[in-house]
>>> print(open('upload-v1.csv').read())   # CSV, C-alpha atoms and all ligand atoms
chain,number,residue,atom,x,y,z
A,15,MET,CA,-31.7,15.5,51.3
A,16,ASN,CA,-29.3,14.1,53.8
A,17,ALA,CA,-29.7,14.0,57.6
A,18,VAL,CA,-26.0,13.4,58.3
A,19,VAL,CA,-23.0,14.0,56.1
A,20,PHE,CA,-19.4,13.4,57.0
A,21,GLU,CA,-16.9,14.7,54.4
A,22,HIS,CA,-13.2,13.8,54.7
A,23,VAL,CA,-13.3,13.8,58.5
A,24,SER,CA,-10.1,13.1,60.4
A,25,LEU,CA,-9.6,13.1,64.2
A,26,ALA,CA,-6.6,12.2,66.4
A,27,PHE,CA,-6.2,12.3,70.2
A,28,ASP,CA,-2.6,13.4,70.5
A,29,ASP,CA,-0.7,11.0,68.2
A,30,HIS,CA,-3.5,8.4,68.3
A,31,VAL,CA,-5.3,8.7,64.9
A,32,VAL,CA,-8.9,7.5,65.4
A,33,LEU,CA,-10.6,8.6,62.1
A,34,ARG,CA,-8.8,9.1,58.8
A,35,ASP,CA,-10.4,10.9,55.9
A,36,LEU,CA,-13.8,9.4,56.7
A,37,SER,CA,-16.8,10.1,54.5
A,38,PHE,CA,-20.4,8.8,54.6
A,39,THR,CA,-23.9,10.1,54.2
A,40,VAL,CA,-27.2,9.2,55.9
A,41,PRO,CA,-30.1,10.2,53.6
A,42,LYS,CA,-33.3,11.4,55.4
A,43,GLY,CA,-35.5,8.5,56.4
A,44,SER,CA,-32.8,5.9,55.9
A,45,MET,CA,-31.0,3.7,58.4
A,46,ARG,CA,-27.3,3.1,58.8
A,47,ILE,CA,-26.1,0.2,61.0
A,48,MET,CA,-22.4,0.7,62.0
A,49,PHE,CA,-20.2,-2.1,63.1
A,50,GLY,CA,-16.6,-2.1,64.3
A,51,VAL,CA,-14.5,-3.6,67.0
A,52,SER,CA,-14.3,-1.9,70.4
A,53,GLY,CA,-12.1,1.2,70.1
A,54,ALA,CA,-12.8,1.5,66.3
A,55,GLY,CA,-14.2,5.0,66.7
A,56,LYS,CA,-18.0,4.3,66.6
A,57,SER,CA,-18.8,6.4,69.7
A,58,VAL,CA,-16.5,9.2,68.5
A,59,ILE,CA,-18.5,9.4,65.2
A,60,LEU,CA,-21.7,9.9,67.1
A,61,LYS,CA,-20.1,12.5,69.4
A,62,LEU,CA,-18.8,14.3,66.3
A,63,ALA,CA,-22.3,14.3,64.8
A,64,LEU,CA,-23.7,15.9,68.0
A,65,GLY,CA,-20.9,18.5,68.1
A,66,LEU,CA,-19.6,17.1,71.4
A,67,LEU,CA,-16.3,16.6,69.7
A,68,ARG,CA,-14.8,18.6,66.8
A,69,PRO,CA,-12.8,17.1,63.9
A,70,ASP,CA,-9.3,18.1,63.1
A,71,GLU,CA,-10.2,18.2,59.5
A,72,GLY,CA,-13.3,17.7,57.3
A,73,ARG,CA,-16.9,18.9,57.3
A,74,ILE,CA,-19.8,17.5,59.3
A,75,THR,CA,-23.4,18.5,58.4
A,76,VAL,CA,-26.4,17.4,60.5
A,77,ASN,CA,-30.0,18.3,59.5
A,78,GLY,CA,-28.4,20.9,57.3
A,79,PHE,CA,-26.2,22.5,59.9
A,80,ARG,CA,-22.4,22.6,59.9
A,81,VAL,CA,-21.9,21.2,63.3
A,82,ASP,CA,-18.1,21.2,63.1
A,83,GLN,CA,-18.2,25.0,63.0
A,84,MET,CA,-21.3,25.7,65.2
A,85,PRO,CA,-21.0,27.8,68.4
A,86,GLU,CA,-22.1,25.9,71.5
A,87,VAL,CA,-25.4,27.8,72.0
A,88,GLU,CA,-26.5,26.8,68.5
A,89,LEU,CA,-25.4,23.2,69.1
A,90,LEU,CA,-27.8,23.0,72.1
A,91,ALA,CA,-30.7,24.0,69.9
A,92,MET,CA,-29.6,21.6,67.1
A,93,ARG,CA,-29.4,18.7,69.6
A,94,ALA,CA,-33.0,19.2,70.7
A,95,ASP,CA,-34.1,17.6,67.4
A,96,ILE,CA,-31.9,14.6,67.9
A,97,GLY,CA,-32.7,11.6,70.1
A,98,MET,CA,-29.5,10.0,71.4
A,99,VAL,CA,-28.7,7.0,73.4
A,100,PHE,CA,-25.2,6.9,74.8
A,101,GLN,CA,-23.4,3.8,76.0
A,102,GLU,CA,-23.0,5.3,79.4
A,103,ASN,CA,-26.4,6.8,80.1
A,104,ALA,CA,-26.5,10.0,82.1
A,105,LEU,CA,-29.8,10.0,83.9
A,106,PHE,CA,-30.8,12.8,86.3
A,107,ASP,CA,-30.4,11.1,89.7
A,108,SER,CA,-32.8,13.4,91.5
A,109,LEU,CA,-35.6,12.8,89.0
A,110,THR,CA,-37.9,9.8,88.8
A,111,VAL,CA,-37.9,7.5,85.8
A,112,ALA,CA,-41.0,9.2,84.3
A,113,GLU,CA,-39.5,12.7,84.9
A,114,ASN,CA,-36.3,11.6,83.2
A,115,VAL,CA,-38.2,10.4,80.2
A,116,GLY,CA,-40.5,13.3,80.0
A,117,PHE,CA,-37.9,16.0,80.6
A,118,ARG,CA,-37.6,17.2,77.1
A,119,LEU,CA,-41.3,17.0,76.4
A,120,LEU,CA,-41.8,19.7,79.1
A,121,GLU,CA,-40.0,22.1,77.0
A,122,GLU,CA,-42.4,21.5,74.1
A,123,HIS,CA,-45.0,24.0,75.1
A,124,ASP,CA,-47.8,22.8,72.9
A,125,LEU,CA,-48.2,19.6,74.9
A,126,THR,CA,-50.6,19.2,77.8
A,127,ASP,CA,-49.6,17.4,81.0
A,128,ALA,CA,-52.0,14.6,80.0
A,129,GLN,CA,-50.3,14.3,76.6
A,130,ILE,CA,-46.8,14.2,78.2
A,131,ASP,CA,-47.9,11.6,80.7
A,132,GLY,CA,-49.4,9.5,77.9
A,133,ARG,CA,-46.3,9.6,75.8
A,134,VAL,CA,-44.1,8.8,78.8
A,135,ALA,CA,-46.2,5.8,79.6
A,136,GLU,CA,-46.2,4.7,76.0
A,137,VAL,CA,-42.4,4.8,75.6
A,138,LEU,CA,-41.9,3.2,79.1
A,139,GLY,CA,-44.1,0.4,77.8
A,140,PHE,CA,-41.9,0.0,74.7
A,141,VAL,CA,-38.9,-0.8,77.0
A,142,GLY,CA,-40.9,-2.8,79.5
A,143,LEU,CA,-40.6,-0.4,82.3
A,144,ASP,CA,-44.2,0.9,82.8
A,145,GLU,CA,-44.2,-0.4,86.3
A,146,PHE,CA,-41.1,1.6,87.2
A,147,ALA,CA,-42.3,5.1,86.3
A,148,ASP,CA,-42.0,6.4,89.9
A,149,ARG,CA,-38.7,4.8,90.8
A,150,MET,CA,-35.5,6.8,91.2
A,151,PRO,CA,-32.6,5.9,88.9
A,152,ALA,CA,-30.5,4.7,91.8
A,153,ALA,CA,-33.0,1.9,92.4
A,154,LEU,CA,-32.6,0.5,88.8
A,155,SER,CA,-30.2,-2.1,87.4
A,156,GLY,CA,-27.7,-1.1,84.7
A,157,GLY,CA,-29.9,-2.6,82.0
A,158,GLN,CA,-33.0,-0.8,83.3
A,159,ARG,CA,-31.1,2.5,83.3
A,160,ARG,CA,-30.2,1.8,79.7
A,161,ARG,CA,-33.8,1.2,78.8
A,162,VAL,CA,-34.8,4.5,80.5
A,163,GLY,CA,-32.2,6.2,78.3
A,164,ILE,CA,-33.8,4.6,75.2
A,165,ALA,CA,-37.3,5.7,76.2
A,166,ARG,CA,-36.1,9.2,76.8
A,167,ALA,CA,-34.5,9.4,73.4
A,168,MET,CA,-37.7,8.2,71.7
A,169,ALA,CA,-40.1,10.3,73.8
A,170,SER,CA,-40.1,13.5,71.7
A,171,LYS,CA,-40.3,11.5,68.4
A,172,PRO,CA,-37.2,13.1,67.0
A,173,LYS,CA,-36.6,12.8,63.3
A,174,LEU,CA,-33.0,11.7,63.8
A,175,LEU,CA,-32.1,9.0,66.3
A,176,LEU,CA,-28.5,8.0,67.2
A,177,PHE,CA,-28.1,4.8,69.1
A,178,ASP,CA,-24.8,3.9,70.6
A,179,ASP,CA,-24.9,0.2,71.3
A,180,PRO,CA,-28.4,0.3,72.6
A,181,ILE,CA,-28.9,-3.5,73.0
A,182,THR,CA,-25.6,-4.7,74.6
A,183,GLY,CA,-26.1,-6.1,78.0
A,184,LEU,CA,-29.9,-6.3,77.8
A,185,ASP,CA,-31.8,-9.6,78.0
A,186,PRO,CA,-33.0,-10.9,74.7
A,187,LEU,CA,-36.7,-10.3,75.1
A,188,ILE,CA,-36.1,-6.6,76.0
A,189,ALA,CA,-33.6,-6.3,73.2
A,190,TRP,CA,-36.2,-7.6,70.7
A,191,SER,CA,-38.8,-5.1,71.9
A,192,ILE,CA,-36.3,-2.3,71.5
A,193,ASP,CA,-35.4,-3.6,68.0
A,194,ASP,CA,-39.1,-3.7,67.1
A,195,GLU,CA,-39.5,-0.1,68.2
A,196,ILE,CA,-36.4,0.9,66.2
A,197,VAL,CA,-38.0,-0.8,63.1
A,198,THR,CA,-41.3,0.8,63.8
A,199,LEU,CA,-39.9,4.3,64.0
A,200,ARG,CA,-38.0,3.8,60.8
A,201,ASP,CA,-40.9,2.3,58.8
A,202,LEU,CA,-43.9,4.2,60.2
A,203,GLU,CA,-42.5,7.5,61.5
A,204,ASP,CA,-39.9,8.1,58.8
A,205,VAL,CA,-37.2,8.5,61.4
A,206,THR,CA,-33.5,8.6,60.3
A,207,THR,CA,-31.5,6.3,62.4
A,208,VAL,CA,-27.9,5.5,63.0
A,209,VAL,CA,-27.4,2.4,65.1
A,210,VAL,CA,-23.9,1.7,66.3
A,211,THR,CA,-23.7,-1.9,67.6
A,212,HIS,CA,-21.5,-4.9,67.9
A,213,GLN,CA,-24.5,-7.1,68.4
A,214,ILE,CA,-24.7,-8.6,64.9
A,215,ARG,CA,-27.8,-10.6,65.6
A,216,ASP,CA,-29.8,-7.5,66.5
A,217,ALA,CA,-28.4,-5.6,63.5
A,218,PHE,CA,-29.7,-8.3,61.1
A,219,TYR,CA,-33.0,-8.5,63.0
A,220,ILE,CA,-33.4,-4.8,62.3
A,221,ALA,CA,-32.4,-5.2,58.7
A,222,GLU,CA,-34.7,-8.2,58.1
A,223,HIS,CA,-37.9,-6.9,59.7
A,224,ARG,CA,-40.5,-4.4,58.6
A,225,ALA,CA,-43.2,-2.6,60.5
A,226,VAL,CA,-46.7,-2.4,59.0
A,227,ARG,CA,-49.9,-0.9,60.3
A,228,ARG,CA,-52.9,-3.2,59.9
A,229,ASN,CA,-56.3,-2.2,61.2
A,230,GLY,CA,-54.8,0.3,63.5
A,231,ALA,CA,-52.3,-2.1,65.1
A,232,VAL,CA,-48.6,-2.3,64.3
A,233,ASP,CA,-47.1,-5.6,63.2
A,234,VAL,CA,-43.4,-6.2,63.0
A,235,GLU,CA,-42.8,-9.0,60.5
A,236,LYS,CA,-39.9,-10.9,59.2
A,237,VAL,CA,-39.0,-10.1,55.5
A,238,ASP,CA,-36.1,-10.6,53.3
A,239,ALA,CA,-33.5,-7.8,53.9
A,240,SER,CA,-33.8,-6.8,50.3
A,241,GLU,CA,-37.5,-5.8,50.9
A,242,VAL,CA,-36.5,-3.2,53.5
A,243,GLU,CA,-35.5,0.0,51.8
A,244,GLY,CA,-32.9,2.4,52.9
A,245,VAL,CA,-30.9,0.2,55.3
A,246,GLU,CA,-27.2,-0.1,54.8
A,247,PHE,CA,-24.4,-1.4,56.9
A,248,LEU,CA,-21.1,0.5,57.5
A,249,VAL,CA,-18.1,-1.3,58.8
A,250,LEU,CA,-15.4,0.8,60.5
A,251,LYS,CA,-11.8,-0.4,60.7
A,252,ASP,CA,-8.5,1.4,61.3
A,253,GLY,CA,-10.2,4.8,61.1
A,254,SER,CA,-11.9,4.2,57.8
A,255,ILE,CA,-15.1,2.7,56.5
A,256,VAL,CA,-14.0,-0.6,54.9
A,257,PHE,CA,-17.5,-1.6,53.8
A,258,GLN,CA,-20.8,0.1,53.0
A,259,GLY,CA,-23.7,-1.9,51.5
A,260,THR,CA,-26.8,-3.9,52.1
A,261,ALA,CA,-27.2,-6.9,54.3
A,262,LYS,CA,-26.9,-9.2,51.3
A,263,GLU,CA,-23.7,-7.5,50.1
A,264,LEU,CA,-22.2,-7.8,53.5
A,265,LEU,CA,-23.1,-11.5,53.8
A,266,THR,CA,-21.7,-12.3,50.4
A,267,SER,CA,-18.6,-10.2,50.7
A,268,ARG,CA,-15.3,-12.0,49.9
A,269,ASP,CA,-13.3,-9.6,52.1
A,270,PRO,CA,-11.4,-11.9,54.6
A,271,TYR,CA,-11.8,-9.4,57.4
A,272,LEU,CA,-15.5,-9.2,57.0
A,273,GLN,CA,-15.9,-12.9,56.6
A,274,GLU,CA,-14.0,-13.6,59.8
A,275,TYR,CA,-15.8,-10.8,61.7
A,276,LEU,CA,-19.2,-12.2,60.6
A,277,TYR,CA,-18.3,-15.7,61.3
A,278,LYS,CA,-17.2,-15.0,64.8
A,279,THR,CA,-20.1,-12.8,65.7
A,280,ARG,CA,-23.2,-14.0,63.8
A,281,PRO,CA,-25.1,-17.0,65.0
A,282,PRO,CA,-25.8,-19.7,64.3
A,283,TRP,CA,-22.4,-21.2,64.1
A,301,LIG,N1,-12.0,12.1,74.7
A,301,LIG,C1,-11.0,11.2,74.4
A,301,LIG,N2,-9.7,11.4,74.6
A,301,LIG,C2,-8.8,10.5,74.2
A,301,LIG,N3,-9.0,9.4,73.5
A,301,LIG,C3,-10.3,9.1,73.2
A,301,LIG,C4,-11.4,10.0,73.6
A,301,LIG,N4,-12.5,9.5,73.2
A,301,LIG,C5,-12.2,8.3,72.5
A,301,LIG,N5,-10.9,8.1,72.5
A,301,LIG,C6,-10.2,7.0,71.9
A,301,LIG,O1,-10.7,6.9,70.5
A,301,LIG,C7,-10.8,5.6,70.1
A,301,LIG,C8,-12.2,5.3,69.7
A,301,LIG,O2,-13.1,5.4,70.8
A,301,LIG,P1,-14.6,5.0,70.6
A,301,LIG,O3,-15.2,5.8,69.6
A,301,LIG,O4,-15.2,5.2,72.0
A,301,LIG,O5,-14.6,3.5,70.3
A,301,LIG,P2,-15.8,2.5,70.0
A,301,LIG,O6,-15.8,2.1,68.6
A,301,LIG,O7,-15.6,1.3,70.9
A,301,LIG,O8,-17.1,3.3,70.4
A,301,LIG,C9,-10.4,4.7,71.4
A,301,LIG,O9,-9.1,4.3,71.2
A,301,LIG,C10,-10.5,5.7,72.5
A,301,LIG,O10,-9.6,5.4,73.5
A,302,MG,MG,-18.4,3.0,71.8
>>> encode(input="upload-v1.csv", output="structure tokens")
Amino acid sequence: MNAVVFEHVSLAFDDHVVLRDLSFTVPKGSMRIMFGVSGAGKSVILKLALGLLRPDEGRITVNGFRVDQMPEVELLAMRADIGMVFQENALFDSLTVAENVGFRLLEEHDLTDAQIDGRVAEVLGFVGLDEFADRMPAALSGGQRRRVGIARAMASKPKLLLFDDPITGLDPLIAWSIDDEIVTLRDLEDVTTVVVTHQIRDAFYIAEHRAVRRNGAVDVEKVDASEVEGVEFLVLKDGSIVFQGTAKELLTSRDPYLQEYLYKTRPPW
């Protein structure tokens, strides 16, 4: 069963063609890491998956629903099962950090206040913001606001997470803790993840780490990418997917565009 299916999707804004006959699938429980230069159409793909944009042609199926055809009211319900982190994070300015993160949990009526508070504290801990629970968004830096958005997306433990450049602009230690959390959700919670990024280092970190539970604690350990199942890279260029494959296949590709892209973006040089 697939969590996300794009079939022959095309989209243009006026005469600017952004996606051409694009097809890919994201099997349930797997991870897709999507690269592409700025303007390639990465954010557009995530917005199409959420039904925030509609394609000119093609079919888009998410969690079994044809989102390209769904009426807006049904889309709202469908999005409740998806955690999303946008590049430009819209927080509610009149709510505290904790209220922003717990917002969707309040709608899940089977949770007690104590359970909601516990989960909010837990995810704020993941992103290093446990001390900031009572602050207002206006009193946060850009990077901190991003981390609140990530915590909010994770709070309800959705089975499908869409990350739009979650790491960019964050300091490396915070980035790693978020990477570890993404790995943990994938390996221990069976979450399906699409990570859009141009941070190649973080993409390979995610592909080369595995979360394991030992004696009740979660360890994130370095492994060979081939030992991590279900992770594939997608590279988007000129409206099409020019590469799909494993980390190893990407690194050994003879394609001149991929070689140059990796050389310029992947440390160490
Ligand atoms: N709502 C819109 N109206 C017009 N053009 C848009 C819109 N959204 C995106 N685009 C254009 O589509 C292209 C892909 O955008 P985007 O998906 O945001 O790129 P990125 O890969 O950097 O995320 C860009 O050229 C952008 O200007
Ligand atoms: Mg983008």
>>> residues_near_ligand(input="upload-v1.csv", ligand="ligand MG 302 (chain A)", cutoff="9 Å", atoms="all atoms listed in the file", output="PyMOL selection string")
chain A and resi 52-58+60+100-101+178-179+210-211
>>> closest_residue(input="upload-v1.csv", among="A:Val51, A:Ala94, A:Ile74, A:Leu89", to="Glu122 (chain A)", atoms="all atoms listed in the file")
A:Ala94
>>> residues_around(input="upload-v1.csv", residues="region 67-73 of chain A", least_positions_apart="4", cutoff="12 Å", atoms="all atoms listed in the file", output="ChimeraX atom specification")
/A:18-28,31-39,57-63,78-86,89
>>> residues_near_point(input="upload-v1.csv", point="(-30.4, -1.7, 69.9)", cutoff="9 Å", atoms="all atoms listed in the file", output="list in words")
Ile164, Phe177, Asp178, Asp179, Pro180, Ile181, Thr182, Ala189, Trp190, Ile192, Asp193, Ile196, Val209, Val210, Thr211, Gln213, Asp216, Ala217 and Ile220 of chain A
>>> axis_aligned_box(input="upload-v1.csv", around="region 240-248 of chain A", padding_each_side="4 Å", output="JSON")
{"center_x": -29.3, "center_y": -2.2, "center_z": 53.9, "size_x": 24.4, "size_y": 17.2, "size_z": 15.2}
>>> closest_residue(input="upload-v1.csv", among="A:Met48, A:Leu119, A:Leu199, A:Val234", to="ligand LIG 301 (chain A)", atoms="all atoms listed in the file")
A:Met48
>>> atom_distance(input="upload-v1.csv", atom1="CA of Glu263 (chain A)", atom2="CA of Ala17 (chain A)")
23.5 Å
>>> residues_near_point(input="upload-v1.csv", point="(-25.0, -9.9, 66.0)", cutoff="10 Å", atoms="only C-alpha atoms", output="PyMOL selection string")
chain A and resi 49+211-219+276+278-282
>>> residues_around(input="upload-v1.csv", residues="Leu143 (chain A)", least_positions_apart="5", cutoff="9 Å", atoms="all atoms listed in the file", output="ChimeraX atom specification")
/A:135,137-138,158,161-162
